[in-house]
Amino acid sequence: MDQVCCVCGEALDEENVSRCRLCGGSFHLAWSTGANVKECGSYFFHPESCGLNFICRSCEANMGSGGGQSPSQFTTS
C-alpha cells in the first residue's frame, strides 16, 4: 500500500518526503533544488536541539492559531 501525504492526501514518492515533528505524519517536501514536488510542509532550525525539525502545513497552521510556540520564530525554509 502506498503512503499518502497527511496534508494533501496524494501519494508520496520515495525521495521527497519528510515526517512531521508534531503529528508524525508523512508529507511532501523537496530534498533537492529544482525538484518538481509540492511543498506540504517546511523545516526550521530548533536552537534547543541544535538541529533541523520538520513540520507539516496542518500542524504549522494549528500552532499559529493555538498560541503555542511557532516555528516561524526560528530560521525557516
# chains A, B, ... in the order shown; residues from 1 in each chain; ligands from 1
>>> select_by_dssp(residues="chain A", states="alpha helix (DSSP H)", output="PyMOL selection string")
chain A and resi 57-66
>>> closest_residue(among="A:Ser49, A:Ser58, A:Asn16, A:Gln3", to="Thr33 (chain A)", atoms="only C-alpha atoms")
A:Asn16
>>> closest_residue(among="A:Ala35, A:Phe45, A:Gly25, A:Leu12", to="Arg57 (chain A)", atoms="only C-alpha atoms")
A:Gly25
>>> residues_around(residues="Ile55 (chain A)", least_positions_apart="5", cutoff="12 Å", atoms="only C-alpha atoms", output="count of residues only")
32
>>> select_by_dssp(residues="chain A", states="strand (DSSP E or B)", output="list of chain:residue names")
A:Val4, A:Ala11, A:Val17, A:Ser18, A:Arg19, A:Ser26, A:Phe27, A:His28, A:Gly41, A:Ser42, A:Tyr43, A:Phe44, A:Phe45, A:His46, A:Gly51, A:Leu52, A:Asn53, A:Phe54, A:Ile55, A:Cys56, A:Thr76
>>> closest_residue(among="A:Cys50, A:Cys59, A:Val37, A:Asp2", to="Glu15 (chain A)", atoms="only C-alpha atoms")
A:Val37
>>> atom_distance(atom1="CA of Asn53 (chain A)", atom2="CA of Glu14 (chain A)")
19.3 Å
>>> decode(residues="region 24-64 of chain A", atoms="N, CA and C atoms", output="tab-separated table (two decimals), in the first residue's frame")
chain	number	residue	atom	x	y	z
A	24	GLY	N	3.70	13.33	13.44
A	24	GLY	CA	4.29	12.09	12.96
A	24	GLY	C	3.88	11.70	11.55
A	25	GLY	N	3.02	12.51	10.92
A	25	GLY	CA	2.57	12.21	9.57
A	25	GLY	C	3.64	12.48	8.52
A	26	SER	N	3.58	11.77	7.42
A	26	SER	CA	4.50	11.97	6.31
A	26	SER	C	3.90	12.99	5.35
A	27	PHE	N	4.77	13.84	4.78
A	27	PHE	CA	4.29	14.88	3.87
A	27	PHE	C	5.32	15.17	2.79
A	28	HIS	N	4.85	15.81	1.69
A	28	HIS	CA	5.72	16.18	0.58
A	28	HIS	C	6.68	17.30	1.00
A	29	LEU	N	7.97	17.11	0.74
A	29	LEU	CA	8.97	18.15	0.95
A	29	LEU	C	10.14	17.83	0.04
A	30	ALA	N	10.47	18.77	-0.84
A	30	ALA	CA	11.56	18.56	-1.80
A	30	ALA	C	12.90	18.47	-1.09
A	31	TRP	N	13.68	17.47	-1.46
A	31	TRP	CA	15.00	17.28	-0.87
A	31	TRP	C	16.12	17.73	-1.80
A	32	SER	N	15.78	18.24	-2.98
A	32	SER	CA	16.80	18.76	-3.88
A	32	SER	C	16.27	20.01	-4.58
A	33	THR	N	17.17	20.90	-4.89
A	33	THR	CA	16.81	22.14	-5.57
A	33	THR	C	16.25	21.80	-6.94
A	34	GLY	N	15.15	22.41	-7.27
A	34	GLY	CA	14.54	22.20	-8.57
A	34	GLY	C	13.65	20.97	-8.67
A	35	ALA	N	13.48	20.23	-7.58
A	35	ALA	CA	12.59	19.06	-7.62
A	35	ALA	C	11.16	19.53	-7.87
A	36	ASN	N	10.48	18.86	-8.76
A	36	ASN	CA	9.11	19.22	-9.11
A	36	ASN	C	8.15	18.53	-8.14
A	37	VAL	N	8.13	19.03	-6.91
A	37	VAL	CA	7.34	18.44	-5.83
A	37	VAL	C	6.63	19.56	-5.08
A	38	LYS	N	5.37	19.33	-4.75
A	38	LYS	CA	4.66	20.33	-3.94
A	38	LYS	C	5.26	20.36	-2.54
A	39	GLU	N	5.13	21.48	-1.90
A	39	GLU	CA	5.65	21.66	-0.53
A	39	GLU	C	4.47	21.63	0.43
A	40	CYS	N	4.29	20.53	1.13
A	40	CYS	CA	3.20	20.38	2.10
A	40	CYS	C	3.70	20.55	3.53
A	41	GLY	N	4.86	21.16	3.67
A	41	GLY	CA	5.44	21.38	4.97
A	41	GLY	C	6.69	22.21	4.84
A	42	SER	N	7.40	22.34	5.93
A	42	SER	CA	8.63	23.13	5.92
A	42	SER	C	9.56	22.59	6.99
A	43	TYR	N	10.73	23.19	7.04
A	43	TYR	CA	11.70	22.81	8.06
A	43	TYR	C	12.13	24.07	8.80
A	44	PHE	N	12.63	23.90	9.99
A	44	PHE	CA	13.11	25.03	10.77
A	44	PHE	C	14.23	24.56	11.67
A	45	PHE	N	15.11	25.46	12.01
A	45	PHE	CA	16.20	25.16	12.92
A	45	PHE	C	15.70	25.39	14.34
A	46	HIS	N	15.85	24.39	15.18
A	46	HIS	CA	15.41	24.49	16.56
A	46	HIS	C	16.66	24.65	17.43
A	47	PRO	N	16.82	25.82	18.07
A	47	PRO	CA	18.05	26.09	18.80
A	47	PRO	C	18.29	25.17	20.01
A	48	GLU	N	17.24	24.70	20.65
A	48	GLU	CA	17.42	23.84	21.82
A	48	GLU	C	17.94	22.46	21.45
A	49	SER	N	17.53	21.95	20.28
A	49	SER	CA	18.02	20.64	19.86
A	49	SER	C	19.21	20.76	18.91
A	50	CYS	N	19.52	21.99	18.51
A	50	CYS	CA	20.64	22.25	17.58
A	50	CYS	C	20.48	21.44	16.31
A	51	GLY	N	19.27	21.36	15.81
A	51	GLY	CA	19.05	20.58	14.59
A	51	GLY	C	17.84	21.04	13.82
A	52	LEU	N	17.70	20.47	12.63
A	52	LEU	CA	16.54	20.75	11.80
A	52	LEU	C	15.35	19.94	12.29
A	53	ASN	N	14.20	20.55	12.26
A	53	ASN	CA	12.94	19.89	12.57
A	53	ASN	C	12.03	20.10	11.38
A	54	PHE	N	11.12	19.17	11.16
A	54	PHE	CA	10.21	19.22	10.03
A	54	PHE	C	8.78	19.28	10.55
A	55	ILE	N	7.95	20.08	9.88
A	55	ILE	CA	6.56	20.25	10.33
A	55	ILE	C	5.65	20.34	9.11
A	56	CYS	N	4.52	19.64	9.17
A	56	CYS	CA	3.56	19.70	8.07
A	56	CYS	C	2.76	21.00	8.15
A	57	ARG	N	2.17	21.38	7.04
A	57	ARG	CA	1.40	22.64	6.98
A	57	ARG	C	0.21	22.62	7.94
A	58	SER	N	-0.40	21.47	8.15
A	58	SER	CA	-1.54	21.39	9.06
A	58	SER	C	-1.13	21.72	10.49
A	59	CYS	N	-0.05	21.14	10.96
A	59	CYS	CA	0.43	21.42	12.32
A	59	CYS	C	0.96	22.84	12.44
A	60	GLU	N	1.58	23.32	11.38
A	60	GLU	CA	2.09	24.69	11.39
A	60	GLU	C	0.93	25.68	11.55
A	61	ALA	N	-0.16	25.43	10.86
A	61	ALA	CA	-1.35	26.29	10.97
A	61	ALA	C	-1.96	26.20	12.37
A	62	ASN	N	-2.02	25.00	12.93
A	62	ASN	CA	-2.57	24.81	14.28
A	62	ASN	C	-1.72	25.50	15.34
A	63	MET	N	-0.40	25.48	15.17
A	63	MET	CA	0.48	26.14	16.12
A	63	MET	C	0.26	27.64	16.11
A	64	GLY	N	0.07	28.20	14.91
A	64	GLY	CA	-0.13	29.64	14.78
A	64	GLY	C	-1.42	30.10	15.41
